[in-house]
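Source file: structure36.tsv; contents: TSV, C-alpha atoms.
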chain	number	residue	atom	x	y	z
A	1	MET	CA	140.72	-35.82	53.96
A	2	ILE	CA	138.47	-36.29	50.93
A	3	GLY	CA	135.14	-37.99	50.30
A	4	LEU	CA	134.70	-41.60	51.30
A	5	LEU	CA	135.63	-44.34	48.89
A	6	PRO	CA	132.78	-46.56	47.61
A	7	ASN	CA	133.23	-49.34	50.15
A	8	GLU	CA	133.73	-47.13	53.19
A	9	THR	CA	131.02	-46.33	55.70
A	10	SER	CA	130.18	-43.32	57.82
A	11	PHE	CA	127.73	-42.11	60.42
A	12	THR	CA	124.68	-40.42	58.97
A	13	MET	CA	122.62	-37.76	60.65
A	14	ASN	CA	120.06	-40.33	61.72
A	15	GLY	CA	122.67	-41.93	63.93
A	16	GLY	CA	123.17	-45.05	61.82
A	17	VAL	CA	126.08	-46.34	59.83
A	18	ASN	CA	125.60	-46.15	56.08
A	19	ASN	CA	127.52	-47.21	53.02
A	20	ALA	CA	128.77	-44.13	51.21
A	21	ASN	CA	126.78	-45.04	48.10
A	22	SER	CA	123.43	-45.25	49.85
A	23	ARG	CA	120.78	-42.56	49.66
A	24	PHE	CA	120.95	-39.84	52.27
A	25	VAL	CA	118.58	-40.17	55.22
A	26	TRP	CA	118.01	-37.22	57.52
A	27	SER	CA	114.93	-37.87	59.64
A	28	ASN	CA	114.63	-38.83	63.31
A	29	THR	CA	118.07	-37.48	64.14
A	30	PRO	CA	119.08	-38.58	67.66
A	31	ALA	CA	121.23	-35.46	68.08
A	32	PHE	CA	118.05	-33.40	67.77
A	33	CYS	CA	115.56	-35.91	69.17
A	34	GLY	CA	117.14	-36.75	72.49
A	35	GLY	CA	118.79	-40.01	71.44
A	36	SER	CA	121.08	-41.64	73.98
A	37	GLY	CA	124.66	-42.84	73.70
A	38	GLU	CA	127.35	-41.81	71.26
A	39	ALA	CA	125.00	-41.38	68.30
A	40	GLY	CA	122.90	-38.96	70.33
A	41	SER	CA	125.89	-36.66	70.86
A	42	LEU	CA	127.16	-36.62	67.28
A	43	GLY	CA	127.48	-33.11	65.95
A	44	LEU	CA	127.28	-31.47	69.38
A	45	THR	CA	130.73	-29.98	68.94
A	46	GLY	CA	131.82	-26.38	69.33
A	47	LEU	CA	133.97	-24.19	67.10
A	48	GLN	CA	136.69	-22.16	68.75
A	49	ASN	CA	136.97	-18.50	67.84
A	50	LEU	CA	140.06	-17.23	66.06
A	51	GLY	CA	139.98	-13.66	67.25
A	52	ASN	CA	136.55	-12.24	66.44
A	53	THR	CA	135.38	-15.03	64.15
A	54	CYS	CA	132.05	-15.68	65.83
A	55	PHE	CA	130.45	-14.30	62.64
A	56	MET	CA	131.97	-17.22	60.75
A	57	ASN	CA	131.38	-19.87	63.40
A	58	SER	CA	127.69	-19.05	63.76
A	59	ALA	CA	127.14	-19.38	60.00
A	60	LEU	CA	129.15	-22.62	59.89
A	61	GLN	CA	127.16	-24.15	62.75
A	62	CYS	CA	123.95	-23.42	60.87
A	63	LEU	CA	125.24	-25.21	57.78
A	64	VAL	CA	126.82	-28.18	59.53
A	65	HIS	CA	123.48	-28.85	61.25
A	66	THR	CA	121.39	-28.65	58.07
A	67	PRO	CA	120.32	-32.31	57.78
A	68	LYS	CA	120.66	-32.85	54.03
A	69	LEU	CA	124.01	-31.05	53.93
A	70	VAL	CA	125.31	-33.21	56.77
A	71	ASP	CA	124.36	-36.45	55.06
A	72	TYR	CA	125.75	-35.20	51.75
A	73	PHE	CA	129.16	-34.24	53.14
A	74	LEU	CA	129.36	-37.42	55.21
A	75	GLY	CA	128.91	-39.31	51.96
A	76	ASP	CA	131.04	-39.55	48.84
A	77	TYR	CA	130.68	-35.90	47.89
A	78	SER	CA	134.15	-35.64	46.32
A	79	ARG	CA	132.90	-37.42	43.19
A	80	GLU	CA	130.71	-34.38	42.44
A	81	ILE	CA	133.51	-31.81	42.61
A	82	ASN	CA	133.58	-29.82	39.38
A	83	HIS	CA	137.24	-29.13	38.57
A	84	ASP	CA	136.33	-27.54	35.22
A	85	ASN	CA	134.06	-24.79	36.49
A	86	PRO	CA	135.76	-21.39	36.04
A	87	LEU	CA	133.36	-19.94	38.62
A	88	GLY	CA	134.43	-22.50	41.21
A	89	MET	CA	137.54	-22.90	43.33
A	90	ASP	CA	138.68	-26.28	42.01
A	91	GLY	CA	136.83	-27.97	44.86
A	92	GLU	CA	139.03	-26.44	47.54
A	93	ILE	CA	136.22	-24.70	49.42
A	94	ALA	CA	134.03	-27.81	49.22
A	95	LEU	CA	136.84	-30.03	50.53
A	96	ALA	CA	137.71	-27.60	53.32
A	97	PHE	CA	134.08	-27.38	54.39
A	98	GLY	CA	133.63	-31.14	54.11
A	99	ASP	CA	136.70	-31.81	56.26
A	100	LEU	CA	135.44	-29.35	58.88
A	101	LEU	CA	131.97	-30.89	58.94
A	102	ARG	CA	133.39	-34.40	59.32
A	103	ASN	CA	135.58	-33.27	62.20
A	104	LEU	CA	132.56	-31.77	63.93
A	105	TRP	CA	130.50	-34.94	63.42
A	106	ALA	CA	133.24	-37.41	64.36
A	107	PRO	CA	132.45	-39.65	67.35
A	108	GLY	CA	134.02	-38.27	70.51
A	109	ALA	CA	134.90	-34.97	68.84
A	110	THR	CA	136.28	-32.15	70.98
A	111	PRO	CA	135.94	-28.43	70.15
A	112	VAL	CA	137.39	-27.75	66.72
A	113	THR	CA	139.61	-24.85	65.71
A	114	PRO	CA	138.66	-24.02	62.09
A	115	ARG	CA	142.10	-22.65	61.24
A	116	ILE	CA	142.52	-24.56	57.95
A	117	PHE	CA	139.04	-23.60	56.77
A	118	LYS	CA	139.67	-19.97	57.74
A	119	SER	CA	142.93	-19.81	55.78
A	120	LYS	CA	141.24	-21.35	52.72
A	121	LEU	CA	138.39	-18.85	53.03
A	122	ALA	CA	140.82	-15.91	53.22
A	123	ARG	CA	142.65	-17.17	50.13
A	124	PHE	CA	139.56	-17.01	47.94
A	125	ALA	CA	137.82	-14.14	49.75
A	126	PRO	CA	140.51	-11.73	51.04
A	127	GLN	CA	137.82	-9.56	52.59
A	128	PHE	CA	137.57	-12.20	55.31
A	129	SER	CA	141.30	-12.35	56.02
A	130	GLY	CA	142.55	-11.42	59.45
A	131	PHE	CA	140.66	-11.95	62.65
A	132	ASN	CA	138.32	-8.99	62.80
A	133	GLN	CA	134.53	-9.06	62.89
A	134	HIS	CA	132.68	-9.27	59.56
A	135	ASP	CA	129.11	-9.62	58.41
A	136	SER	CA	127.84	-13.17	58.91
A	137	GLN	CA	125.35	-12.95	56.03
A	138	GLU	CA	128.08	-11.88	53.60
A	139	LEU	CA	130.19	-14.85	54.69
A	140	LEU	CA	127.25	-17.20	54.30
A	141	ALA	CA	126.42	-15.85	50.84
A	142	PHE	CA	130.01	-16.33	49.66
A	143	LEU	CA	130.27	-19.81	51.14
A	144	LEU	CA	126.98	-21.07	49.68
A	145	ASP	CA	127.88	-19.71	46.27
A	146	GLY	CA	131.37	-21.24	46.49
A	147	LEU	CA	130.03	-24.62	47.54
A	148	HIS	CA	127.49	-24.51	44.72
A	149	GLU	CA	130.06	-23.74	42.03
A	150	ASP	CA	132.56	-26.29	43.39
A	151	LEU	CA	129.86	-28.96	43.36
A	152	ASN	CA	127.89	-27.94	40.28
A	153	ARG	CA	126.95	-31.13	38.44
A	154	VAL	CA	126.63	-29.21	35.16
A	155	LYS	CA	130.00	-29.48	33.42
A	156	CYS	CA	129.09	-27.41	30.36
A	157	LYS	CA	126.52	-24.69	30.91
A	158	PRO	CA	124.16	-24.29	27.95
A	159	TYR	CA	123.14	-20.88	26.66
A	160	ALA	CA	119.56	-19.99	27.54
A	161	GLU	CA	117.92	-16.91	26.05
A	162	ALA	CA	115.64	-15.02	28.40
A	163	LYS	CA	112.26	-14.60	26.76
A	164	ASP	CA	109.67	-11.96	27.52
A	165	GLY	CA	106.50	-12.98	29.28
A	166	ASP	CA	104.32	-11.75	26.36
A	167	GLY	CA	101.20	-11.99	28.47
A	168	ARG	CA	101.74	-15.60	29.45
A	169	PRO	CA	100.66	-16.73	32.95
A	170	ASP	CA	103.22	-16.03	35.67
A	171	GLU	CA	103.41	-19.71	36.56
A	172	GLU	CA	104.37	-20.64	33.00
A	173	VAL	CA	107.04	-17.94	32.79
A	174	ALA	CA	108.39	-18.83	36.22
A	175	ASP	CA	108.65	-22.49	35.30
A	176	GLU	CA	110.49	-21.62	32.08
A	177	TYR	CA	113.03	-19.48	33.94
A	178	TRP	CA	113.45	-22.10	36.63
A	179	GLN	CA	114.12	-24.82	34.06
A	180	ASN	CA	116.68	-22.56	32.37
A	181	HIS	CA	118.33	-22.00	35.75
A	182	LEU	CA	118.44	-25.72	36.50
A	183	ALA	CA	119.99	-26.40	33.10
A	184	ARG	CA	123.01	-24.37	34.25
A	185	ASN	CA	122.92	-24.95	37.99
A	186	ASP	CA	122.54	-28.33	39.67
A	187	SER	CA	124.14	-28.96	43.05
A	188	ILE	CA	123.34	-29.91	46.62
A	189	ILE	CA	123.02	-26.18	47.35
A	190	VAL	CA	120.36	-25.84	44.65
A	191	ASP	CA	118.64	-28.95	46.01
A	192	VAL	CA	118.49	-27.58	49.55
A	193	CYS	CA	118.49	-23.79	49.31
A	194	GLN	CA	116.93	-22.55	46.07
A	195	VAL	CA	113.28	-22.28	45.04
A	196	TRP	CA	111.16	-20.22	42.64
A	197	PHE	CA	107.89	-18.43	43.21
A	198	GLY	CA	105.59	-16.04	41.32
A	199	LEU	CA	104.39	-12.66	42.55
A	200	LYS	CA	101.59	-10.87	40.67
A	201	GLU	CA	102.98	-9.54	37.37
A	202	HIS	CA	106.61	-10.30	38.27
A	203	VAL	CA	108.39	-13.61	38.56
A	204	PHE	CA	111.22	-14.00	41.02
A	205	PHE	CA	113.87	-16.55	41.80
A	206	ALA	CA	114.69	-16.83	45.49
A	207	PHE	CA	118.41	-17.42	45.81
A	208	SER	CA	119.99	-18.15	49.15
A	209	THR	CA	123.27	-16.92	47.69
A	210	GLN	CA	122.22	-13.90	45.63
A	211	GLY	CA	118.99	-12.49	47.02
A	212	ALA	CA	116.04	-12.39	44.62
A	213	ARG	CA	116.25	-11.54	40.93
A	214	SER	CA	113.32	-10.52	38.77
A	215	THR	CA	112.87	-11.81	35.25
A	216	ASP	CA	114.07	-8.53	33.78
A	217	GLY	CA	117.41	-9.00	35.53
A	218	GLU	CA	116.96	-6.19	38.05
A	219	GLU	CA	118.07	-7.26	41.48
A	220	GLU	CA	115.53	-7.00	44.26
A	221	GLU	CA	115.91	-6.99	48.00
A	222	GLY	CA	115.14	-10.42	49.38

Could you render the structure from this file as structure tokens?
Amino acid sequence: MIGLLPNETSFTMNGGVNNANSRFVWSNTPAFCGGSGEAGSLGLTGLQNLGNTCFMNSALQCLVHTPKLVDYFLGDYSREINHDNPLGMDGEIALAFGDLLRNLWAPGATPVTPRIFKSKLARFAPQFSGFNQHDSQELLAFLLDGLHEDLNRVKCKPYAEAKDGDGRPDEEVADEYWQNHLARNDSIIVDVCQVWFGLKEHVFFAFSTQGARSTDGEEEEG
């Protein structure tokens, strides 16, 4: 299964039926707001464990119930797959995740066994092969980074030289670094999960996938 073709329709997270080309709407979700009928039960689908894969299933359930991600992957997301990104996985992780999300949000869905997604995950991240317990945060970090690179809208990343602050206000330096980051990174994951903020003399990026990095390149706990 791949992204919807231009004239196809799908359920959105607000319980309606939308053309794939329409803008994503994610408010007043019946599944979260007590809606009745089939639309009110969309997404209320379990993931079966494959051995001790609750670490994976818990992270997946968080992502597949993030409103903007749901509407994005129910839409024509395949047109944003970046097949030229050497840091990506040729769209395979994005397609595997998109297929899984659509199965979970399908009307009348029964509990899903994420076997195909698990095998794809193990192919690109052998540390998660097998059926033993792993760290859920490590899985989430890898998956968010993989989705970002597979769906990065930037086809050719420009070079951006990191400049010193030279006494400039933190807000100005932070904005400069953020704009440099956006020039190389633009995806649904950036839209939903990444922000910047300034702290006293230091400027940090908050990355859902990589913790926080200071402007001097030293990695911080975050």

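Residue nearest Phe97 (chain A) within the list A:Glu80, A:Asp150, A:Glu172, A:Asp135: A:Asp150 [criterion: smallest interatomic distance, only C-alpha atoms].
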
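Across A:Pro114, A:Pro67, A:Pro158, A:Gly88, the tightest approach to Gln48 (chain A) is made by A:Pro114 when counting all atoms listed in the file.
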
Compile the contact shell of Met89 (chain A) as a PDB file with C-alpha atoms, in the coordinates of the input: residues with an atom at most 9 Å away, counting all atoms listed in the file, same-chain residues fewer than 2 positions apart removed.
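Contents of the output file out_39.pdb:
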ATOM      1  CA  ASN A  82     133.580 -29.820  39.380  1.00  0.00           C
ATOM      2  CA  HIS A  83     137.240 -29.130  38.570  1.00  0.00           C
ATOM      3  CA  ASN A  85     134.060 -24.790  36.490  1.00  0.00           C
ATOM      4  CA  PRO A  86     135.760 -21.390  36.040  1.00  0.00           C
ATOM      5  CA  LEU A  87     133.360 -19.940  38.620  1.00  0.00           C
ATOM      6  CA  GLY A  91     136.830 -27.970  44.860  1.00  0.00           C
ATOM      7  CA  GLU A  92     139.030 -26.440  47.540  1.00  0.00           C
ATOM      8  CA  ILE A  93     136.220 -24.700  49.420  1.00  0.00           C
ATOM      9  CA  ALA A  94     134.030 -27.810  49.220  1.00  0.00           C
ATOM     10  CA  PHE A 124     139.560 -17.010  47.940  1.00  0.00           C
ATOM     11  CA  GLY A 146     131.370 -21.240  46.490  1.00  0.00           C
ATOM     12  CA  LEU A 147     130.030 -24.620  47.540  1.00  0.00           C
ATOM     13  CA  GLU A 149     130.060 -23.740  42.030  1.00  0.00           C
ATOM     14  CA  ASP A 150     132.560 -26.290  43.390  1.00  0.00           C
TER      15      ASP A 150
END

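Counting only C-alpha atoms, Ala160 (chain A) has the following residues at most 12 Å away, ignoring those fewer than 6 positions along the same chain: Glu176, Tyr177, Trp178, Gln179, Asn180, His181, Leu182, Ala183 and Arg184 of chain A.
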
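CA of Leu104 (chain A) is positioned 9.9 Å from CA of His65 (chain A).
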
Report summary line: Correct to one decimal, the distance CA of Thr110 (chain A)-CA of Thr45 (chain A) is 6.3 Å

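Across the structure, CA of Asp71 (chain A) and CA of Phe55 (chain A) are spaced 24.2 Å apart.
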
Give the padded box for region 99-105 of chain A as JSON: axis-aligned, covering all atoms listed in the file, 3 Å on each side, centre and edge lengths in Å to one decimal.
{"center_x": 133.6, "center_y": -32.1, "center_z": 60.1, "size_x": 12.2, "size_y": 11.6, "size_z": 13.7}

Sphere at (134.3, -34.1, 57.3), radius 10 Å, counting all atoms listed in the file: residues as a PDB file with C-alpha atoms, in the frame of the given file:
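Written file, selection32.pdb:
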ATOM      1  CA  MET A   1     140.720 -35.820  53.960  1.00  0.00           C
ATOM      2  CA  ILE A   2     138.470 -36.290  50.930  1.00  0.00           C
ATOM      3  CA  GLY A   3     135.140 -37.990  50.300  1.00  0.00           C
ATOM      4  CA  LEU A   4     134.700 -41.600  51.300  1.00  0.00           C
ATOM      5  CA  VAL A  64     126.820 -28.180  59.530  1.00  0.00           C
ATOM      6  CA  VAL A  70     125.310 -33.210  56.770  1.00  0.00           C
ATOM      7  CA  PHE A  73     129.160 -34.240  53.140  1.00  0.00           C
ATOM      8  CA  LEU A  74     129.360 -37.420  55.210  1.00  0.00           C
ATOM      9  CA  GLY A  75     128.910 -39.310  51.960  1.00  0.00           C
ATOM     10  CA  LEU A  95     136.840 -30.030  50.530  1.00  0.00           C
ATOM     11  CA  ALA A  96     137.710 -27.600  53.320  1.00  0.00           C
ATOM     12  CA  PHE A  97     134.080 -27.380  54.390  1.00  0.00           C
ATOM     13  CA  GLY A  98     133.630 -31.140  54.110  1.00  0.00           C
ATOM     14  CA  ASP A  99     136.700 -31.810  56.260  1.00  0.00           C
ATOM     15  CA  LEU A 100     135.440 -29.350  58.880  1.00  0.00           C
ATOM     16  CA  LEU A 101     131.970 -30.890  58.940  1.00  0.00           C
ATOM     17  CA  ARG A 102     133.390 -34.400  59.320  1.00  0.00           C
ATOM     18  CA  ASN A 103     135.580 -33.270  62.200  1.00  0.00           C
ATOM     19  CA  LEU A 104     132.560 -31.770  63.930  1.00  0.00           C
ATOM     20  CA  TRP A 105     130.500 -34.940  63.420  1.00  0.00           C
ATOM     21  CA  ALA A 106     133.240 -37.410  64.360  1.00  0.00           C
TER      22      ALA A 106
END
